[in-house]
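Okay, my_file-v2.csv now, which holds CSV, C-alpha atoms:
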chain,number,residue,atom,x,y,z
A,1221,MET,CA,66.8,167.5,116.1
A,1222,THR,CA,68.7,166.3,119.1
A,1223,ASP,CA,65.7,167.1,121.4
A,1224,LEU,CA,63.9,164.2,119.8
A,1225,MET,CA,66.9,161.8,120.1
A,1226,PRO,CA,66.4,158.9,122.4
A,1227,VAL,CA,68.8,158.2,125.2
A,1228,LEU,CA,71.3,155.5,124.2
A,1229,PRO,CA,69.7,152.3,125.4
A,1230,LEU,CA,71.8,150.7,128.1
A,1231,TRP,CA,71.4,147.1,126.7
A,1232,VAL,CA,72.6,148.2,123.2
A,1233,ASP,CA,75.7,149.7,124.7
A,1234,VAL,CA,76.4,146.7,126.9
A,1235,THR,CA,75.7,144.3,124.0
A,1236,ALA,CA,78.1,146.1,121.7
A,1237,MET,CA,80.9,146.1,124.2
A,1238,SER,CA,80.3,142.5,125.1
A,1239,THR,CA,80.3,141.3,121.5
A,1240,THR,CA,83.6,143.1,121.0
A,1241,ALA,CA,85.0,141.5,124.1
A,1242,LEU,CA,83.9,138.0,122.8
A,1243,TYR,CA,85.7,138.6,119.6
A,1244,GLY,CA,88.8,140.1,121.4
A,1245,ALA,CA,89.2,137.2,123.8
A,1246,ALA,CA,88.7,134.6,121.0
A,1247,THR,CA,91.3,136.3,118.9
A,1248,ALA,CA,93.8,136.6,121.7
A,1249,ARG,CA,93.5,132.9,122.5
A,1250,SER,CA,93.9,132.0,118.8
A,1251,ARG,CA,97.2,134.0,119.0
A,1252,ASN,CA,98.4,131.7,121.9
A,1253,VAL,CA,98.1,134.3,124.6
A,1254,PRO,CA,98.0,132.8,128.2
A,1255,ILE,CA,94.7,132.7,130.2
A,1256,SER,CA,95.2,135.9,132.1
A,1257,GLY,CA,96.4,137.8,129.1
A,1258,THR,CA,93.4,136.5,127.0
A,1259,LEU,CA,90.9,137.7,129.5
A,1260,ILE,CA,92.6,141.1,129.9
A,1261,ALA,CA,92.7,141.5,126.1
A,1262,GLY,CA,89.0,140.7,125.9
A,1263,ILE,CA,88.1,143.2,128.6
A,1264,LEU,CA,90.2,146.0,127.0
A,1265,CYS,CA,89.0,145.2,123.5
A,1266,GLY,CA,85.4,145.4,124.8
A,1267,ALA,CA,85.7,148.5,126.9
A,1268,ALA,CA,88.3,150.6,125.1
A,1269,GLY,CA,86.0,152.0,122.4
A,1270,GLY,CA,83.4,153.2,124.8
A,1271,MET,CA,86.0,154.7,127.1
A,1272,VAL,CA,87.6,156.6,124.2
A,1273,ARG,CA,84.2,157.8,123.0
A,1274,ASP,CA,83.2,159.1,126.5
A,1275,LEU,CA,86.5,160.8,127.1
A,1276,LEU,CA,86.3,162.6,123.8
A,1277,LEU,CA,82.8,163.8,124.7
A,1278,GLY,CA,84.0,165.0,128.2
A,1279,LEU,CA,82.1,162.3,130.0
A,1280,GLU,CA,82.9,159.8,132.7
A,1281,PRO,CA,83.6,156.4,131.0
A,1282,VAL,CA,80.5,154.3,131.6
A,1283,ALA,CA,82.4,151.1,131.3
A,1284,ILE,CA,84.0,152.0,134.6
A,1285,THR,CA,81.3,153.9,136.4
A,1286,GLY,CA,78.3,151.7,135.2
A,1287,PRO,CA,77.5,148.6,137.3
A,1288,TYR,CA,76.6,146.4,134.3
A,1289,TYR,CA,79.4,146.9,131.8
A,1290,LEU,CA,82.4,145.1,133.2
A,1291,PRO,CA,80.6,142.0,134.5
A,1292,TRP,CA,79.1,141.4,131.1
A,1293,ILE,CA,82.3,142.3,129.3
A,1294,LEU,CA,84.2,139.8,131.5
A,1295,PHE,CA,81.5,137.1,130.9
A,1296,ALA,CA,81.7,137.6,127.2
A,1297,SER,CA,85.6,137.4,127.4
A,1298,VAL,CA,85.3,134.1,129.2
A,1299,LEU,CA,82.9,132.8,126.5
A,1300,GLY,CA,85.2,134.0,123.8
A,1301,ALA,CA,88.3,132.5,125.4
A,1302,PHE,CA,86.8,129.1,126.2
A,1303,PHE,CA,84.4,128.5,123.4
A,1304,PHE,CA,84.2,130.9,120.5
A,1305,TYR,CA,87.9,130.7,119.8
A,1306,ARG,CA,87.2,127.4,118.0
A,1307,PHE,CA,85.4,129.4,115.3
A,1308,ILE,CA,88.4,131.6,114.6
A,1309,SER,CA,89.7,129.1,112.1
A,1310,GLN,CA,86.4,129.2,110.3
A,1311,GLU,CA,86.7,132.4,108.3
A,1312,LEU,CA,83.0,133.3,107.7
A,1313,PRO,CA,81.7,133.1,111.4
A,1314,TYR,CA,84.8,135.1,112.5
A,1315,LEU,CA,84.3,137.8,109.9
A,1316,VAL,CA,80.6,138.1,110.6
A,1317,LEU,CA,81.1,138.4,114.4
A,1318,ARG,CA,83.7,141.1,113.8
A,1319,GLY,CA,81.5,142.9,111.3
A,1320,VAL,CA,78.5,142.9,113.6
A,1321,ALA,CA,80.7,144.1,116.5
A,1322,ILE,CA,82.1,147.1,114.7
A,1323,GLY,CA,78.6,147.9,113.3
A,1324,LEU,CA,77.1,148.0,116.8
A,1325,LEU,CA,80.0,150.1,118.1
A,1326,ILE,CA,79.7,152.6,115.2
A,1327,ALA,CA,76.0,153.0,116.1
A,1328,ILE,CA,76.5,153.6,119.8
A,1329,GLY,CA,79.5,155.9,119.1
A,1330,CYS,CA,77.5,158.1,116.7
A,1331,GLN,CA,74.4,158.1,118.8
A,1332,LYS,CA,76.0,159.3,121.9
A,1333,ALA,CA,77.8,162.0,119.9
A,1334,LEU,CA,74.5,163.0,118.4
A,1335,ILE,CA,72.9,163.2,121.9
A,1336,HIS,CA,75.6,165.6,123.0
A,1337,GLU,CA,75.2,167.8,119.9
A,1338,VAL,CA,78.8,167.7,118.6
A,1339,PRO,CA,79.5,168.7,115.0
A,1340,PHE,CA,78.9,166.3,112.1
A,1341,VAL,CA,82.6,165.5,111.6
A,1342,SER,CA,83.0,164.8,115.3
A,1343,ILE,CA,80.0,162.4,115.2
A,1344,ILE,CA,81.6,160.4,112.4
A,1345,LEU,CA,84.9,160.4,114.3
A,1346,CYS,CA,83.2,159.2,117.5
A,1347,GLY,CA,81.7,156.3,115.5
A,1348,VAL,CA,85.0,155.3,113.9
A,1349,LEU,CA,87.1,155.5,117.1
A,1350,THR,CA,84.5,153.7,119.2
A,1351,ALA,CA,84.6,150.8,116.7
A,1352,THR,CA,88.5,150.7,116.3
A,1353,ALA,CA,90.0,151.6,119.7
A,1354,GLY,CA,89.3,148.1,121.2
A,1355,GLY,CA,90.8,146.3,118.1
A,1356,MET,CA,93.9,148.6,118.2
A,1357,ALA,CA,94.3,147.8,121.9
A,1358,LEU,CA,94.0,144.0,121.2
A,1359,ASP,CA,96.5,144.1,118.4
A,1360,ALA,CA,99.0,146.2,120.4
A,1361,LEU,CA,98.7,143.7,123.4
A,1362,THR,CA,99.2,140.7,121.2
A,1363,GLY,CA,102.1,142.1,119.1
A,1364,HIS,CA,100.2,142.6,115.9
A,1365,ARG,CA,99.9,145.6,113.6
A,1366,SER,CA,96.5,147.1,113.9
A,1367,ALA,CA,94.1,146.2,111.1
A,1368,VAL,CA,93.0,149.8,110.6
A,1369,PHE,CA,96.6,150.6,109.5
A,1370,SER,CA,97.5,147.4,107.7
A,1371,GLN,CA,94.2,146.0,106.5
A,1372,ALA,CA,94.2,145.7,102.7
A,1373,HIS,CA,90.5,145.2,102.5
A,1374,TRP,CA,87.6,147.7,103.0
A,1375,PHE,CA,87.9,147.9,106.8
A,1376,ALA,CA,88.3,151.6,107.1
A,1377,THR,CA,85.8,152.1,104.2
A,1378,ALA,CA,83.2,150.0,106.0
A,1379,LEU,CA,83.7,152.1,109.2
A,1380,ILE,CA,83.2,155.4,107.5
A,1381,ILE,CA,80.2,154.3,105.3
A,1382,GLY,CA,78.6,152.6,108.3
A,1383,SER,CA,78.9,155.8,110.3
A,1384,LEU,CA,77.5,157.9,107.5
A,1385,VAL,CA,74.6,155.4,107.0
A,1386,PHE,CA,73.7,155.5,110.7
A,1387,TYR,CA,73.9,159.3,110.8
A,1388,GLY,CA,71.7,159.7,107.7
A,1389,LEU,CA,69.1,157.3,108.9
A,1390,THR,CA,68.9,158.2,112.6
A,1391,ILE,CA,67.8,161.7,111.8
A,1392,THR,CA,64.9,160.5,109.7
A,1393,THR,CA,63.9,157.2,111.3
A,1394,SER,CA,64.1,155.3,114.6
A,1395,PHE,CA,67.3,154.5,116.4
A,1396,TYR,CA,66.8,150.8,116.1
A,1397,ILE,CA,66.1,150.8,112.4
A,1398,ALA,CA,69.2,153.0,111.8
A,1399,THR,CA,71.3,150.7,114.0
A,1400,ALA,CA,70.1,147.5,112.2
A,1401,ILE,CA,70.8,148.9,108.8
A,1402,ALA,CA,74.1,150.4,109.8
A,1403,VAL,CA,75.2,147.0,111.2
A,1404,ILE,CA,74.1,145.2,108.1
A,1405,VAL,CA,75.8,147.6,105.7
A,1406,THR,CA,79.0,147.7,107.8
A,1407,ALA,CA,79.2,143.9,108.3
A,1408,SER,CA,78.3,143.2,104.6
A,1409,LEU,CA,81.0,145.6,103.3
A,1410,TYR,CA,83.6,144.2,105.6
A,1411,VAL,CA,82.9,140.5,105.1
A,1412,THR,CA,82.4,140.8,101.3
A,1413,SER,CA,85.6,142.8,100.9
A,1414,VAL,CA,87.7,140.2,102.7
A,1415,ILE,CA,86.1,137.2,101.0
A,1416,ARG,CA,86.4,138.8,97.5
A,1417,LYS,CA,89.8,140.4,98.4
A,1418,TRP,CA,88.7,143.9,97.4
A,1419,PRO,CA,91.8,146.1,98.0
A,1420,SER,CA,91.6,149.3,100.0
A,1421,PRO,CA,92.8,152.6,98.3
A,1422,LYS,CA,96.6,152.8,98.1
A,1423,TRP,CA,99.0,155.6,97.5
A,1424,PRO,CA,100.5,155.6,94.0
A,1425,ASN,CA,103.3,153.0,93.5
A,1426,GLU,CA,102.7,151.5,96.9
A,1427,GLY,CA,102.9,147.7,97.1
A,1428,ASN,CA,99.9,145.5,97.9
A,1429,ASP,CA,99.4,144.1,101.4
A,1430,MET,CA,96.5,141.7,101.4
A,1431,SER,CA,97.0,140.6,105.0
A,1432,ALA,CA,93.8,140.2,107.0
Could you write out this file's structure as structure tokens?
Amino acid sequence: MTDLMPVLPLWVDVTAMSTTALYGAATARSRNVPISGTLIAGILCGAAGGMVRDLLLGLEPVAITGPYYLPWILFASVLGAFFFYRFISQELPYLVLRGVAIGLLIAIGCQKALIHEVPFVSIILCGVLTATAGGMALDALTGHRSAVFSQAHWFATALIIGSLVFYGLTITTSFYIATAIAVIVTASLYVTSVIRKWPSPKWPNEGNDMSA
């Protein structure tokens, strides 16, 4: 199966990291982080997921060794900090950007794991960690509890379902179709769950935390 797998397209990997950097810098500025801290948060948010993915697979982190990643991540961080932060107060554009970013990161995480022929569970783990590591770094830097641990909506559920959808489709159809559908499914689940306030599964007798 993996002999037929296409190499992960460079532009898709860079686009996914840059989109996450845009979201990260915009979020950091909305949290009143200074200029230098905002740009650093954007860069780490964009690069952390790919770096974790590559380290888990025993590879050199392409975000550091590749010539195109950091310049585009920095550019996206500047855009997010100076322009896109204005949309943070508008819930739908913010949620859509975040949903698309995590969908793209899921796809590139799973795809690279598939190329290196790791077991199924490891493929899903690579997809989930690629999509969450940057957000966890952002929340830690800005003094917030990470959404994957506190999110009351279907954040974690969207990550897992998106990874499963990509894996199921990529072995039967093209990489680009699998990526597009995985992004749509992930973003739709995430955005809809927040807007409609669908609670994530809770332990028995645990209180509800509907914070975004």
Legend entry - Of the listed residues A:Ala1301, A:Leu1317, A:Ile1328, A:Cys1265, that which approaches A:Val1234 most closely, counting all atoms listed in the file: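 Using all atoms listed in the file, A:Val1234 sits closest to A:Ile1328.
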Inset, instruction - Step by step: start from the point (81.3, 149.9, 128.7) in the file's coordinates, keep every protein, DNA or RNA residue that has an atom no farther than 6 Å from it, count all atoms listed in the file, and write the set as a list in words. - result: Met1237, Ala1267, Gly1270, Val1282, Ala1283 and Tyr1289 of chain A
Give me the residues of stretch 1305-1360 of chain A that have any atom at most 8 Å from an atom of stretch 1392-1399 of chain A; for each, the nearest atom pair and the distance in Å, rounded to one decimal. Use all atoms listed in the file, sort by chain and number, and format it as a Markdown table.
| residue | atom | partner | partner_atom | distance |
| --- | --- | --- | --- | --- |
| A:Gly1323 | CA | A:Thr1399 | CA | 7.8 |
| A:Leu1324 | CA | A:Thr1399 | CA | 7.0 |
| A:Ala1327 | CA | A:Thr1399 | CA | 5.6 |
Restricting the output to C-alpha atoms, write the selected residues as a PDB file, in the coordinates of the input.
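So out-v6.pdb came out as:
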ATOM      1  CA  GLY A1323      78.600 147.900 113.300  1.00  0.00           C
ATOM      2  CA  LEU A1324      77.100 148.000 116.800  1.00  0.00           C
ATOM      3  CA  ALA A1327      76.000 153.000 116.100  1.00  0.00           C
TER       4      ALA A1327
END
Report as JSON lines: every residue of stretch 1266-1345 of chain A with an atom at most 9 Å from stretch 1249-1256 of chain A, its closest pair of atoms, and their distance in Å to one decimal, counting only C-alpha atoms, with rows sorted by chain and ascending residue number.
{"residue": "A:Gly1300", "atom": "CA", "partner": "A:Arg1249", "partner_atom": "CA", "distance": 8.5}
{"residue": "A:Ala1301", "atom": "CA", "partner": "A:Arg1249", "partner_atom": "CA", "distance": 6.0}
{"residue": "A:Phe1302", "atom": "CA", "partner": "A:Arg1249", "partner_atom": "CA", "distance": 8.5}
{"residue": "A:Tyr1305", "atom": "CA", "partner": "A:Ser1250", "partner_atom": "CA", "distance": 6.2}
{"residue": "A:Arg1306", "atom": "CA", "partner": "A:Ser1250", "partner_atom": "CA", "distance": 8.2}
{"residue": "A:Ile1308", "atom": "CA", "partner": "A:Ser1250", "partner_atom": "CA", "distance": 6.9}
{"residue": "A:Ser1309", "atom": "CA", "partner": "A:Ser1250", "partner_atom": "CA", "distance": 8.4}
Legend entry - A:Ile1415 environment, 10 Å, all atoms listed in the file, sequence neighbours closer than 2 positions dropped, as a list in words: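 Near neighbours after the sequence-gap exclusion: Glu1311, Leu1312, Leu1315, His1373, Tyr1410, Val1411, Thr1412, Ser1413, Lys1417 and Trp1418 of chain A.
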Kindly export the residues of the current selection with C-alpha atoms, as a PDB file, keeping the file's coordinate frame.
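See result.pdb below for the written result:
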ATOM      1  CA  GLU A1311      86.700 132.400 108.300  1.00  0.00           C
ATOM      2  CA  LEU A1312      83.000 133.300 107.700  1.00  0.00           C
ATOM      3  CA  LEU A1315      84.300 137.800 109.900  1.00  0.00           C
ATOM      4  CA  HIS A1373      90.500 145.200 102.500  1.00  0.00           C
ATOM      5  CA  TYR A1410      83.600 144.200 105.600  1.00  0.00           C
ATOM      6  CA  VAL A1411      82.900 140.500 105.100  1.00  0.00           C
ATOM      7  CA  THR A1412      82.400 140.800 101.300  1.00  0.00           C
ATOM      8  CA  SER A1413      85.600 142.800 100.900  1.00  0.00           C
ATOM      9  CA  LYS A1417      89.800 140.400  98.400  1.00  0.00           C
ATOM     10  CA  TRP A1418      88.700 143.900  97.400  1.00  0.00           C
TER      11      TRP A1418
END
Can you tell me which residues surround A:Ile1284 at a distance of at most 12 Å, considering all atoms listed in the file, apart from same-chain residues fewer than 5 positions away, and format the answer as a PDB file with C-alpha atoms, in the coordinates of the input?
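result.pdb was written with the following content:
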ATOM      1  CA  ILE A1263      88.100 143.200 128.600  1.00  0.00           C
ATOM      2  CA  LEU A1264      90.200 146.000 127.000  1.00  0.00           C
ATOM      3  CA  GLY A1266      85.400 145.400 124.800  1.00  0.00           C
ATOM      4  CA  ALA A1267      85.700 148.500 126.900  1.00  0.00           C
ATOM      5  CA  ALA A1268      88.300 150.600 125.100  1.00  0.00           C
ATOM      6  CA  GLY A1270      83.400 153.200 124.800  1.00  0.00           C
ATOM      7  CA  MET A1271      86.000 154.700 127.100  1.00  0.00           C
ATOM      8  CA  VAL A1272      87.600 156.600 124.200  1.00  0.00           C
ATOM      9  CA  ASP A1274      83.200 159.100 126.500  1.00  0.00           C
ATOM     10  CA  LEU A1275      86.500 160.800 127.100  1.00  0.00           C
ATOM     11  CA  LEU A1279      82.100 162.300 130.000  1.00  0.00           C
ATOM     12  CA  TYR A1289      79.400 146.900 131.800  1.00  0.00           C
ATOM     13  CA  LEU A1290      82.400 145.100 133.200  1.00  0.00           C
ATOM     14  CA  PRO A1291      80.600 142.000 134.500  1.00  0.00           C
ATOM     15  CA  ILE A1293      82.300 142.300 129.300  1.00  0.00           C
TER      16      ILE A1293
END
Legend entry - Shell of 8 Å around A:Ala1248, all atoms listed in the file, local chain residues under 5 positions omitted, as a list in words: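 The neighbour list is Val1253, Gly1257, Thr1258, Ala1261, Gly1262, Ala1301, Leu1358 and Thr1362 of chain A.
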Only C-alpha atoms, please: the residues just picked out, written as a PDB file, in the coordinates of the input.
ATOM      1  CA  VAL A1253      98.100 134.300 124.600  1.00  0.00           C
ATOM      2  CA  GLY A1257      96.400 137.800 129.100  1.00  0.00           C
ATOM      3  CA  THR A1258      93.400 136.500 127.000  1.00  0.00           C
ATOM      4  CA  ALA A1261      92.700 141.500 126.100  1.00  0.00           C
ATOM      5  CA  GLY A1262      89.000 140.700 125.900  1.00  0.00           C
ATOM      6  CA  ALA A1301      88.300 132.500 125.400  1.00  0.00           C
ATOM      7  CA  LEU A1358      94.000 144.000 121.200  1.00  0.00           C
ATOM      8  CA  THR A1362      99.200 140.700 121.200  1.00  0.00           C
TER       9      THR A1362
END
Inset, instruction - Return the single residue from A:Ser1297, A:Thr1239, A:Thr1285, A:Ser1342 that is closest to A:Leu1384, with distances computed using only C-alpha atoms. - result: A:Ser1342
Legend entry - Residue nearest A:Phe1304 among A:Leu1349, A:Leu1276, A:Gln1331, A:Ala1241 (counting all atoms listed in the file):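 So, comparing all the options, the nearest one is A:Ala1241.
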Legend entry - Of the listed residues A:Thr1247, A:Asn1425, A:Thr1235, A:Ser1383, that which approaches A:Leu1345 most closely, counting all atoms listed in the file: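 The closest residue to A:Leu1345 is A:Ser1383.
Comparing A:Val1320, A:Ile1343, A:Ile1401, A:Val1298 by their smallest distance to A:Leu1259, the closest is A:Val1298 (using all atoms listed in the file).
Taking atom CA of A:Val1348 and atom CA of A:Ala1333 as the two end points, the separation is 11.5 Å.
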Legend entry - Gap from atom CA of A:Gly1355 to atom CA of A:Ala1407 - Å, one decimal: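 According to the coordinates, atom CA of A:Gly1355 and atom CA of A:Ala1407 are separated by 15.4 Å.
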Legend entry - Computed interatomic separation between atom CA of A:Arg1273 and atom CA of A:Cys1330 (Å): 9.2 Å
Legend entry - Shortest interatomic distance to A:Lys1332 - which of A:Val1414, A:Ile1404, A:Leu1277, A:Leu1361, counting all atoms listed in the file: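 Residue with the minimum atom-to-atom distance to A:Lys1332: A:Leu1277.
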Just the residues within 9 Å of A:Val1385, please, counting all atoms listed in the file, with nothing from its chain fewer than 5 positions along; format it as a PDB file with C-alpha atoms, in the frame of the given file.
ATOM      1  CA  ILE A1380      83.200 155.400 107.500  1.00  0.00           C
ATOM      2  CA  THR A1390      68.900 158.200 112.600  1.00  0.00           C
ATOM      3  CA  ALA A1398      69.200 153.000 111.800  1.00  0.00           C
ATOM      4  CA  ILE A1401      70.800 148.900 108.800  1.00  0.00           C
ATOM      5  CA  ALA A1402      74.100 150.400 109.800  1.00  0.00           C
ATOM      6  CA  VAL A1405      75.800 147.600 105.700  1.00  0.00           C
ATOM      7  CA  THR A1406      79.000 147.700 107.800  1.00  0.00           C
TER       8      THR A1406
END
